[in-house]
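Chemist: Have a peek at work-v4.txt (compact mmCIF, C-alpha atoms).
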```
# COMPACT_ATOMS: atom_id res chain seq x y z
CA MET P 1 15.14 -2.68 168.24
CA ALA P 2 18.00 -0.29 168.41
CA ALA P 3 18.73 1.89 165.39
CA PRO P 4 22.30 1.72 164.20
CA THR P 5 24.17 4.96 164.69
CA GLU P 6 27.58 6.18 163.76
CA ARG P 7 29.69 7.97 166.22
CA CYS P 8 31.68 11.06 165.21
CA ARG P 9 35.27 10.11 164.91
CA GLY P 10 38.26 12.34 164.62
CA GLY P 11 41.65 11.62 163.33
CA GLY P 12 44.99 13.26 163.44
CA GLY P 13 44.22 15.05 160.20
CA GLY P 14 41.50 17.06 161.90
CA SER P 15 38.70 15.68 159.75
CA VAL P 16 35.36 15.11 161.44
CA GLY P 17 32.71 12.66 160.33
CA CYS P 18 29.16 12.75 161.72
CA SER P 19 25.85 11.23 160.83
CA PRO P 20 23.31 13.39 158.85
CA THR P 21 21.07 13.68 161.91
CA VAL P 22 23.84 15.16 164.03
CA LYS P 23 24.75 17.60 161.27
CA ARG P 24 21.19 18.88 161.07
CA LEU P 25 21.10 19.34 164.85
CA LEU P 26 24.35 21.27 164.76
CA ARG P 27 23.05 23.58 162.04
CA LEU P 28 19.82 24.18 163.96
CA SER P 29 21.78 25.02 167.10
CA VAL P 30 23.92 27.54 165.23
CA LEU P 31 20.82 29.14 163.72
CA LEU P 32 19.07 29.43 167.10
CA PHE P 33 22.21 30.91 168.63
CA SER P 34 22.46 33.49 165.86
CA VAL P 35 18.82 34.50 166.24
CA CYS P 36 19.14 34.84 170.01
CA SER P 37 22.24 36.97 169.64
CA LEU P 38 20.40 39.56 167.45
CA PRO P 39 19.46 42.81 169.21
CA THR P 40 15.84 42.94 170.29
CA VAL P 41 13.52 45.39 168.59
CA SER P 42 12.71 48.32 170.87
CA ALA P 43 10.33 51.25 170.33
CA LEU P 44 12.43 53.50 172.58
CA VAL P 45 14.68 55.37 170.16
CA GLU P 46 16.74 58.46 170.79
CA GLY P 47 15.23 61.51 169.16
CA LEU P 48 11.61 60.36 169.42
CA TYR P 49 9.44 61.58 172.27
CA CYS P 50 11.19 60.73 175.58
CA GLY P 51 14.08 58.88 173.96
CA THR P 52 14.99 55.61 175.67
CA GLU P 53 12.67 56.40 178.58
CA VAL P 54 8.98 55.59 178.67
CA CYS P 55 6.97 58.79 179.04
CA TYR P 56 4.53 57.12 181.41
CA ASP P 57 7.39 55.98 183.66
CA VAL P 58 8.92 59.47 183.60
CA LEU P 59 5.72 60.92 185.05
CA GLY P 60 5.09 57.90 187.26
CA VAL P 61 1.66 57.07 185.81
CA THR P 62 0.16 54.10 184.02
CA ARG P 63 -1.00 53.93 180.40
CA GLU P 64 -4.59 54.10 181.63
CA ALA P 65 -4.02 57.41 183.46
CA THR P 66 -6.45 60.26 182.78
CA LYS P 67 -5.54 63.78 181.74
CA ALA P 68 -6.06 65.02 185.28
CA GLU P 69 -3.72 62.40 186.71
CA ILE P 70 -1.06 63.19 184.11
CA ALA P 71 -1.33 66.93 184.81
CA ARG P 72 -1.12 66.34 188.58
CA ALA P 73 1.99 64.20 188.24
CA TYR P 74 3.59 66.77 185.94
CA ARG P 75 3.02 69.64 188.39
CA GLN P 76 4.56 67.67 191.25
CA LEU P 77 7.68 66.76 189.27
CA ALA P 78 7.98 70.26 187.77
CA ARG P 79 8.01 71.83 191.24
CA ARG P 80 10.74 69.42 192.27
CA TYR P 81 13.06 69.74 189.26
CA HIS P 82 12.36 73.25 187.99
CA PRO P 83 15.66 75.21 187.78
CA ASP P 84 14.21 78.12 189.79
CA ARG P 85 12.94 75.83 192.57
CA PHE P 86 15.69 73.21 192.71
CA ARG P 87 17.85 73.30 195.84
CA PRO P 88 20.81 70.87 196.05
CA GLY P 89 20.86 68.77 199.20
CA GLU P 90 17.12 68.70 199.86
CA PRO P 91 15.69 65.45 201.27
CA GLY P 92 15.43 62.88 198.51
CA MET P 93 17.56 65.01 196.18
CA GLU P 94 21.00 64.46 197.67
CA LEU P 95 22.42 62.80 194.56
CA GLU P 96 21.00 65.37 192.16
CA THR P 97 23.02 68.24 190.70
CA GLU P 98 21.79 71.33 188.87
CA GLU P 99 22.69 69.78 185.51
CA SER P 100 20.96 66.47 186.22
CA ALA P 101 17.90 68.26 187.63
CA GLN P 102 17.66 70.41 184.53
CA GLN P 103 17.87 67.33 182.28
CA LYS P 104 15.13 65.61 184.27
CA PHE P 105 12.97 68.71 184.12
CA LEU P 106 13.29 68.81 180.32
CA LEU P 107 12.43 65.11 180.20
CA VAL P 108 9.37 65.67 182.40
CA VAL P 109 8.22 68.53 180.14
CA THR P 110 8.67 66.35 177.04
CA ALA P 111 6.69 63.53 178.62
CA TYR P 112 3.87 65.88 179.57
CA GLU P 113 3.76 67.49 176.11
CA THR P 114 3.56 64.00 174.61
CA LEU P 115 0.78 62.67 176.83
CA LYS P 116 -1.43 65.74 177.31
CA ASP P 117 -2.53 65.80 173.65
CA GLU P 118 -4.89 63.02 172.58
CA GLU P 119 -3.49 62.61 169.06
CA THR P 120 0.16 62.67 170.17
CA ARG P 121 -0.60 60.21 172.96
CA ARG P 122 -2.35 57.88 170.51
CA ASP P 123 0.69 57.97 168.21
CA TYR P 124 3.00 57.27 171.16
CA ASP P 125 0.92 54.32 172.35
CA TYR P 126 0.95 52.93 168.81
CA MET P 127 4.75 53.18 168.78
CA LEU P 128 4.97 51.26 172.07
CA ASP P 129 2.68 48.54 170.72
CA HIS P 130 4.38 48.31 167.28
CA PRO P 131 8.10 48.86 167.87
CA GLU P 132 9.10 47.28 164.55
CA GLU P 133 7.68 50.14 162.41
CA TYR P 134 10.69 52.42 162.67
CA TYR P 135 10.14 54.54 159.59
CA GLN P 136 6.45 55.04 160.28
CA HIS P 137 7.22 56.30 163.80
CA TYR P 138 9.84 58.73 162.53
CA TYR P 139 7.48 60.07 159.86
CA THR P 140 4.56 60.50 162.28
CA TYR P 141 6.69 62.19 164.92
CA TYR P 142 8.44 64.75 162.68
CA ARG P 143 5.34 65.42 160.57
CA ARG P 144 3.48 66.43 163.69
CA ARG P 145 6.39 68.51 164.97
CA LEU P 146 7.00 70.34 161.69
CA THR P 147 3.35 70.97 160.90
CA PRO P 148 2.45 74.65 161.56
CA LYS P 149 0.51 75.07 164.77
CA VAL P 150 -1.52 77.96 163.37
CA ASP P 151 -4.91 77.10 161.95
CA VAL P 152 -4.84 77.20 158.16
CA ARG P 153 -8.21 78.95 158.12
CA VAL P 154 -6.77 81.81 160.14
CA VAL P 155 -3.86 82.13 157.70
CA ILE P 156 -6.26 82.23 154.73
CA LEU P 157 -8.46 84.83 156.42
CA VAL P 158 -5.50 87.07 157.28
CA THR P 159 -4.19 86.77 153.71
CA ILE P 160 -7.56 87.72 152.23
CA CYS P 161 -7.84 90.71 154.59
CA ALA P 162 -4.33 91.87 153.64
CA ILE P 163 -5.11 91.60 149.91
CA SER P 164 -8.39 93.46 150.41
CA LEU P 165 -6.66 96.25 152.31
CA PHE P 166 -4.04 96.57 149.57
CA GLN P 167 -6.78 96.68 146.92
CA TYR P 168 -8.68 99.44 148.67
CA CYS P 169 -5.57 101.56 149.28
CA SER P 170 -4.46 101.13 145.66
CA TRP P 171 -7.87 102.12 144.29
CA HIS P 172 -8.07 105.08 146.65
CA SER P 173 -4.65 106.27 145.50
CA SER P 174 -5.69 105.98 141.82
CA TYR P 175 -8.90 107.87 142.53
CA ASN P 176 -7.01 110.71 144.23
CA LYS P 177 -4.64 110.92 141.26
CA ALA P 178 -7.62 111.24 138.92
CA ILE P 179 -9.15 113.99 141.06
CA ASN P 180 -5.83 115.87 141.21
CA TYR P 181 -5.66 115.72 137.42
CA LEU P 182 -9.27 116.89 136.90
CA VAL P 183 -8.65 119.88 139.18
CA THR P 184 -6.04 121.11 136.71
CA VAL P 185 -8.30 120.68 133.64
CA PRO P 186 -9.78 124.13 132.78
CA LYS P 187 -13.11 122.69 131.62
CA TYR P 188 -13.93 120.95 134.90
CA ARG P 189 -12.32 123.67 137.00
CA LEU P 190 -14.53 126.39 135.49
CA GLN P 191 -17.64 124.27 135.93
CA ALA P 192 -16.78 123.58 139.57
CA THR P 193 -16.06 127.28 140.18
CA GLU P 194 -19.45 128.29 138.76
CA ILE P 195 -21.23 125.73 140.93
CA ALA P 196 -19.34 126.93 144.01
CA LYS P 197 -20.28 130.54 143.33
CA GLN P 198 -23.92 129.60 142.86
CA GLN P 199 -23.88 127.80 146.19
CA GLY P 200 -22.15 130.75 147.85
CA LEU P 201 -19.06 128.77 148.75
CA LEU P 202 -16.61 131.22 147.18
CA ASN P 203 -18.12 134.47 148.36
CA ARG P 204 -15.32 136.30 150.08
CA THR P 205 -16.35 138.30 153.13
CA LYS P 206 -14.25 141.01 154.63
CA GLU P 207 -12.41 139.74 157.64
CA ARG P 208 -10.88 141.95 160.24
CA GLY P 209 -8.92 141.55 163.39
CA LYS P 210 -7.44 138.29 164.54
CA ASN P 211 -9.80 136.21 162.38
CA ARG P 212 -8.43 137.67 159.18
CA ARG P 213 -6.88 134.99 156.96
CA SER P 214 -3.97 135.32 154.61
CA LYS P 215 -4.29 135.03 150.84
CA GLU P 216 -2.66 131.62 150.88
CA GLU P 217 -5.20 130.29 153.38
CA ILE P 218 -8.09 131.67 151.29
CA ARG P 219 -6.62 130.12 148.13
CA GLU P 220 -6.20 126.74 149.85
CA GLN P 221 -9.81 126.84 151.00
CA GLU P 222 -11.03 127.65 147.48
CA GLU P 223 -8.97 124.81 146.05
CA GLU P 224 -10.48 122.44 148.58
CA VAL P 225 -14.02 123.62 147.69
CA ILE P 226 -13.37 123.10 143.96
CA ARG P 227 -11.88 119.67 144.68
CA GLU P 228 -14.91 118.58 146.71
CA ILE P 229 -17.32 119.76 144.00
CA ILE P 230 -15.42 117.80 141.35
CA LYS P 231 -15.56 114.74 143.60
CA THR P 232 -19.31 114.97 144.07
CA LYS P 233 -20.39 116.19 140.62
CA ILE P 234 -18.14 114.20 138.28
CA ASP P 235 -18.73 110.47 137.96
CA ILE P 236 -15.35 108.88 137.25
CA LYS P 237 -15.61 105.46 135.66
CA GLY P 238 -13.15 102.80 134.68
CA GLY P 239 -9.94 102.04 136.55
CA TYR P 240 -9.94 105.43 138.33
CA GLN P 241 -13.46 105.27 139.74
CA LYS P 242 -14.22 105.93 143.38
CA PRO P 243 -13.31 102.90 145.51
CA ASN P 244 -16.22 100.86 146.78
CA LEU P 245 -15.99 98.43 149.68
CA SER P 246 -18.21 95.93 147.89
CA ASP P 247 -15.54 95.53 145.18
CA ILE P 248 -12.71 94.33 147.42
CA LEU P 249 -11.83 90.64 147.62
CA LEU P 250 -13.18 90.04 151.13
CA CYS P 251 -16.62 91.43 150.31
CA GLN P 252 -16.65 89.60 146.99
CA ILE P 253 -16.09 86.29 148.77
CA ILE P 254 -18.74 87.04 151.38
CA LEU P 255 -21.26 88.12 148.73
CA PHE P 256 -20.36 85.31 146.32
CA PRO P 257 -23.53 83.24 147.05
CA TYR P 258 -25.64 86.34 146.40
CA TYR P 259 -23.85 87.11 143.13
CA LEU P 260 -24.04 83.47 142.04
CA THR P 261 -27.79 83.37 142.70
CA ASN P 262 -28.30 86.57 140.74
CA TYR P 263 -26.22 85.28 137.82
CA VAL P 264 -28.08 81.97 137.65
CA THR P 265 -31.41 83.80 137.80
CA TRP P 266 -30.31 86.23 135.08
CA TYR P 267 -28.97 83.44 132.85
CA VAL P 268 -32.14 81.37 133.14
CA SER P 269 -34.22 84.47 132.42
CA TRP P 270 -32.05 85.27 129.38
CA ILE P 271 -32.46 81.75 127.97
CA TYR P 272 -36.21 81.81 128.56
CA ARG P 273 -36.82 85.28 127.12
CA PHE P 274 -34.50 85.40 124.12
CA THR P 275 -33.97 81.74 123.23
CA ILE P 276 -37.31 80.13 124.01
CA CYS P 277 -39.76 83.04 123.72
CA ARG P 278 -37.75 84.85 121.00
CA GLU P 279 -38.19 88.32 122.51
CA GLU P 280 -36.51 91.36 120.98
CA TYR P 281 -33.38 92.64 122.67
CA GLY P 282 -33.61 95.86 124.65
CA ASP P 283 -30.89 98.53 124.69
CA GLU P 284 -29.36 97.07 127.84
CA GLU P 285 -29.20 93.59 126.35
CA LYS P 286 -27.80 94.93 123.06
CA LEU P 287 -25.02 96.78 124.85
CA TYR P 288 -24.23 93.64 126.85
CA ILE P 289 -23.80 91.60 123.65
CA ILE P 290 -21.65 94.34 122.12
CA ARG P 291 -19.46 94.44 125.22
CA ARG P 292 -18.98 90.68 125.03
CA TYR P 293 -17.97 90.94 121.36
CA MET P 294 -15.44 93.64 122.23
CA LYS P 295 -14.08 91.55 125.12
CA MET P 296 -14.26 94.47 127.53
CA SER P 297 -14.93 94.37 131.25
CA GLN P 298 -17.93 96.16 132.71
CA SER P 299 -15.79 98.95 134.15
CA GLN P 300 -14.00 99.46 130.81
CA PHE P 301 -17.27 99.59 128.92
CA ASP P 302 -18.77 102.01 131.46
CA GLY P 303 -15.82 104.31 130.85
CA LEU P 304 -16.87 104.86 127.24
CA ASP P 305 -18.77 108.00 126.28
CA ASP P 306 -22.52 107.83 125.78
CA HIS P 307 -21.97 109.00 122.21
CA ASN P 308 -19.90 105.88 121.46
CA LYS P 309 -22.59 103.64 122.91
CA GLU P 310 -25.24 105.36 120.79
CA THR P 311 -23.05 104.81 117.73
CA PHE P 312 -22.81 101.11 118.59
CA LEU P 313 -26.59 100.88 118.75
CA GLU P 314 -27.07 102.82 115.49
CA LYS P 315 -24.72 100.44 113.67
CA LYS P 316 -26.48 97.42 115.20
CA LEU P 317 -23.26 95.92 116.44
CA TRP P 318 -25.07 93.35 118.56
CA ILE P 319 -25.44 91.45 115.26
CA LYS P 320 -22.32 89.38 114.72
CA GLU P 321 -21.93 90.22 111.02
CA ASN P 322 -22.24 93.97 111.64
CA TYR P 323 -19.69 93.82 114.42
CA GLU P 324 -17.16 91.99 112.20
CA VAL P 325 -17.54 94.68 109.53
CA TYR P 326 -17.10 97.40 112.18
CA ARG P 327 -14.02 95.68 113.59
CA ARG P 328 -12.35 95.47 110.19
CA GLU P 329 -13.14 99.15 109.53
CA GLN P 330 -11.55 100.10 112.84
CA GLU P 331 -8.43 98.09 112.03
CA GLU P 332 -8.10 99.76 108.61
CA GLU P 333 -8.63 103.18 110.16
CA MET P 334 -5.95 102.46 112.73
CA LYS P 335 -3.51 101.43 109.99
CA VAL P 336 -4.17 104.66 108.08
CA ARG P 337 -3.80 106.74 111.23
CA MET P 338 -0.50 105.08 112.07
CA ALA P 339 0.72 105.59 108.49
CA THR P 340 -0.07 109.31 108.53
CA ASP P 341 0.97 110.02 112.11
CA PRO P 342 4.19 112.14 112.16
CA ARG P 343 5.41 110.36 115.27
CA MET P 344 5.07 106.98 113.58
CA LYS P 345 6.91 108.33 110.53
CA ARG P 346 9.80 109.48 112.72
CA TYR P 347 9.86 106.12 114.44
CA ARG P 348 9.96 104.20 111.16
CA ARG P 349 12.68 106.53 109.84
CA TRP P 350 14.71 105.94 112.98
CA MET P 351 14.28 102.17 112.67
CA LYS P 352 15.38 102.34 109.03
CA ASN P 353 18.46 104.47 109.62
CA GLU P 354 19.62 103.72 113.14
CA GLY P 355 17.76 100.69 114.39
CA PRO P 356 19.46 97.99 112.28
CA GLY P 357 22.84 99.65 112.84
CA ARG P 358 22.41 99.44 116.59
CA LEU P 359 21.13 95.88 116.63
CA THR P 360 23.75 93.69 114.95
CA PHE P 361 24.39 90.00 115.37
CA ILE P 362 27.91 88.61 115.49
CA ASP P 363 28.37 85.21 113.92
CA ASP P 364 30.96 82.93 115.41
```
Here is a file; write its structure as structure tokens.
Modeler:
Amino acid sequence: MAAPTERCRGGGGGSVGCSPTVKRLLRLSVLLFSVCSLPTVSALVEGLYCGTEVCYDVLGVTREATKAEIARAYRQLARRYHPDRFRPGEPGMELETEESAQQKFLLVVTAYETLKDEETRRDYDYMLDHPEEYYQHYYTYYRRRLTPKVDVRVVILVTICAISLFQYCSWHSSYNKAINYLVTVPKYRLQATEIAKQQGLLNRTKERGKNRRSKEEIREQEEEVIREIIKTKIDIKGGYQKPNLSDILLCQIILFPYYLTNYVTWYVSWIYRFTICREEYGDEEKLYIIRRYMKMSQSQFDGLDDHNKETFLEKKLWIKENYEVYRREQEEEMKVRMATDPRMKRYRRWMKNEGPGRLTFIDD
């Protein structure tokens, strides 16, 4: 049985009539033609790796080539196209010019740099196998290129060393300033002079002939002796204390496990002795509690006179209530001192007479 069909017929008016089946076939043909005319997806993009060339083909190796084979192929091509070795007209190089040889040499170098590294080669193989992931390939390529080549651990170590060196130099400079100041203080200078005389360091002997020194040289030597005695005999505490290598950042980081172990041991011992066993505080523990109440660092607290520390213990400031009373007394005393200080009176008088006149606001 033959199915009835209608033929397409055309008239002078240009109208065309076709059966539904023919129309569907025409539409399918147009769609297939459009799809075939689209550009094919390619992983070889300018600006990524070897551009439109395959890095393996540039070196003349397969994707299964080993590192040794890749290196061997690179050396052979580099000797042929290197600008210092290229000679126009050599056998097999008749069509090459210096410019084209230089471009090929750069392409060979790029191919070798891409394939010699395992991670870069893995990214490149992934790009060849998945050409449709344009944005991912661009991100991977430029992230690897822009990432610093220096190990981050080396950068951190160099930074810590630089900070530690700056710390030590700064502390040493502050310590020398403190010593220079103490040399000029009569109290410490006289004490150092007496010690030097007792040790026979300032006994002047008569010098004759060529070995005789001038008065300036003798004075400089005496100053140096007094300076050294002040350094050795006076214990400077606080921010101007003698620099110690164990206090710099590098040593602190290295010794951190040791300090942490000591702190945990001390804290557990403190809880056991004074919280569980209810032992009485010793002088060292009392001063520690007082320092915590005063919110002072260890170096700041060490810089206080022994008389002040004895006063703290006499007033039992490790007890919270006693410390609050002491703090309020100190605040009141400071207010009275500021009220009776001539310098503060002059300052308040200046603020009353001249300050408001100098600071005026202009309203729009």
Chemist: Residues within 12 Å of Asp125 of chain P, please, as a PyMOL selection string. Count only C-alpha atoms; anything in the same chain fewer than 2 positions from it doesn't count.
Modeler: chain P and resi 43-44+49+54-56+62-64+114-115+118-123+127-131+137
Chemist: Using all atoms listed in the file, find the one residue out of P:Glu314, P:Gln198, P:Tyr81, P:Tyr112 that sits nearest to Glu99 of chain P.
Modeler: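 Answer, going by the shortest atom-to-atom distance: P:Tyr81.
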Chemist: Here is a test: counting all atoms listed in the file, which residue of P:Glu113, P:Phe105, P:Glu98, P:Leu249 is nearest to Thr159 of chain P?
Modeler: P:Leu249
Chemist: Taking into account all atoms listed in the file, which residue in the set P:Glu217, P:Tyr168, P:Lys309, P:Glu90 is nearest to Cys251 of chain P?
Modeler: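 When distances to Cys251 of chain P are compared using all atoms listed in the file, the smallest one comes from P:Tyr168.
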Chemist: What gap, in Å, lies between atom CA of Tyr175 of chain P and atom CA of Arg291 of chain P?
Modeler: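 Atom-to-atom, atom CA of Tyr175 of chain P to atom CA of Arg291 of chain P, that is 24.3 Å.
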Chemist: Rounded to one decimal in Å, what is the spacing between atom CA of Leu165 of chain P and atom CA of Gly303 of chain P?
Modeler: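 Taking atom CA of Leu165 of chain P as the start and atom CA of Gly303 of chain P as the end point, the length is 24.7 Å.
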Chemist: If you measure from atom CA of Tyr288 of chain P to atom CA of Lys335 of chain P, what distance in Å do you get, rounded to one decimal?
Modeler: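 Taking atom CA of Tyr288 of chain P and atom CA of Lys335 of chain P, their separation equals 27.8 Å.
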Chemist: Compare P:Phe166, P:Ile226, P:Thr184, P:Ser214 by their minimum atom-to-atom distance to Lys197 of chain P, counting only C-alpha atoms, and give me the closest one.
Modeler: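 Nearest to Lys197 of chain P: P:Ile226.
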Chemist: Take the point (-3.1, 59.4, 186.2) in the file's coordinates, draw a sphere of radius 12 Å around it, and report as a PDB file with C-alpha atoms, in the coordinates of the input every protein, DNA or RNA residue with an atom inside or on it, counting all atoms listed in the file.
Modeler:
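Result file result-v3.pdb:
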```pdb
ATOM      1  CA  TYR P  56       4.530  57.120 181.410  1.00  0.00           C
ATOM      2  CA  ASP P  57       7.390  55.980 183.660  1.00  0.00           C
ATOM      3  CA  LEU P  59       5.720  60.920 185.050  1.00  0.00           C
ATOM      4  CA  GLY P  60       5.090  57.900 187.260  1.00  0.00           C
ATOM      5  CA  VAL P  61       1.660  57.070 185.810  1.00  0.00           C
ATOM      6  CA  THR P  62       0.160  54.100 184.020  1.00  0.00           C
ATOM      7  CA  ARG P  63      -1.000  53.930 180.400  1.00  0.00           C
ATOM      8  CA  GLU P  64      -4.590  54.100 181.630  1.00  0.00           C
ATOM      9  CA  ALA P  65      -4.020  57.410 183.460  1.00  0.00           C
ATOM     10  CA  THR P  66      -6.450  60.260 182.780  1.00  0.00           C
ATOM     11  CA  LYS P  67      -5.540  63.780 181.740  1.00  0.00           C
ATOM     12  CA  ALA P  68      -6.060  65.020 185.280  1.00  0.00           C
ATOM     13  CA  GLU P  69      -3.720  62.400 186.710  1.00  0.00           C
ATOM     14  CA  ILE P  70      -1.060  63.190 184.110  1.00  0.00           C
ATOM     15  CA  ALA P  71      -1.330  66.930 184.810  1.00  0.00           C
ATOM     16  CA  ARG P  72      -1.120  66.340 188.580  1.00  0.00           C
ATOM     17  CA  ALA P  73       1.990  64.200 188.240  1.00  0.00           C
ATOM     18  CA  TYR P  74       3.590  66.770 185.940  1.00  0.00           C
ATOM     19  CA  TYR P 112       3.870  65.880 179.570  1.00  0.00           C
ATOM     20  CA  LEU P 115       0.780  62.670 176.830  1.00  0.00           C
ATOM     21  CA  LYS P 116      -1.430  65.740 177.310  1.00  0.00           C
TER      22      LYS P 116
END
```
Chemist: Point out the residue among P:Cys50, P:Leu250, P:Leu255, P:Leu190 with the least atom-to-atom distance to Ile163 of chain P, counting all atoms listed in the file.
Modeler: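 Of P:Cys50, P:Leu250, P:Leu255, P:Leu190, the one nearest Ile163 of chain P is P:Leu250, counting all atoms listed in the file.
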Chemist: Which one of P:Glu46, P:Val152, P:Leu202, P:Leu146 sits closest to Tyr134 of chain P if you count only C-alpha atoms?
Modeler: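 Closest to Tyr134 of chain P, using only C-alpha atoms: P:Glu46.
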Chemist: Would you mind listing what lies within 12 Å of Trp270 of chain P as a ChimeraX atom specification, with only C-alpha atoms counted and same-chain residues fewer than 3 positions away left out?
Modeler: /P:263-267,273-282,285,288-289
Chemist: Would you kindly return, as a compact mmCIF listing (two decimals) with C-alpha atoms, in the frame of the given file, each protein, DNA or RNA residue with an atom no farther than 12 Å from any atom of Tyr323 of chain P, considering all atoms listed in the file and excluding same-chain residues fewer than 2 positions away?
Modeler:
```
# COMPACT_ATOMS: atom_id res chain seq x y z
CA LYS P 286 -27.80 94.93 123.06
CA ILE P 289 -23.80 91.60 123.65
CA ILE P 290 -21.65 94.34 122.12
CA ARG P 291 -19.46 94.44 125.22
CA ARG P 292 -18.98 90.68 125.03
CA TYR P 293 -17.97 90.94 121.36
CA MET P 294 -15.44 93.64 122.23
CA THR P 311 -23.05 104.81 117.73
CA PHE P 312 -22.81 101.11 118.59
CA LEU P 313 -26.59 100.88 118.75
CA GLU P 314 -27.07 102.82 115.49
CA LYS P 315 -24.72 100.44 113.67
CA LYS P 316 -26.48 97.42 115.20
CA LEU P 317 -23.26 95.92 116.44
CA TRP P 318 -25.07 93.35 118.56
CA ILE P 319 -25.44 91.45 115.26
CA LYS P 320 -22.32 89.38 114.72
CA GLU P 321 -21.93 90.22 111.02
CA VAL P 325 -17.54 94.68 109.53
CA TYR P 326 -17.10 97.40 112.18
CA ARG P 327 -14.02 95.68 113.59
CA ARG P 328 -12.35 95.47 110.19
CA GLU P 329 -13.14 99.15 109.53
CA GLN P 330 -11.55 100.10 112.84
```
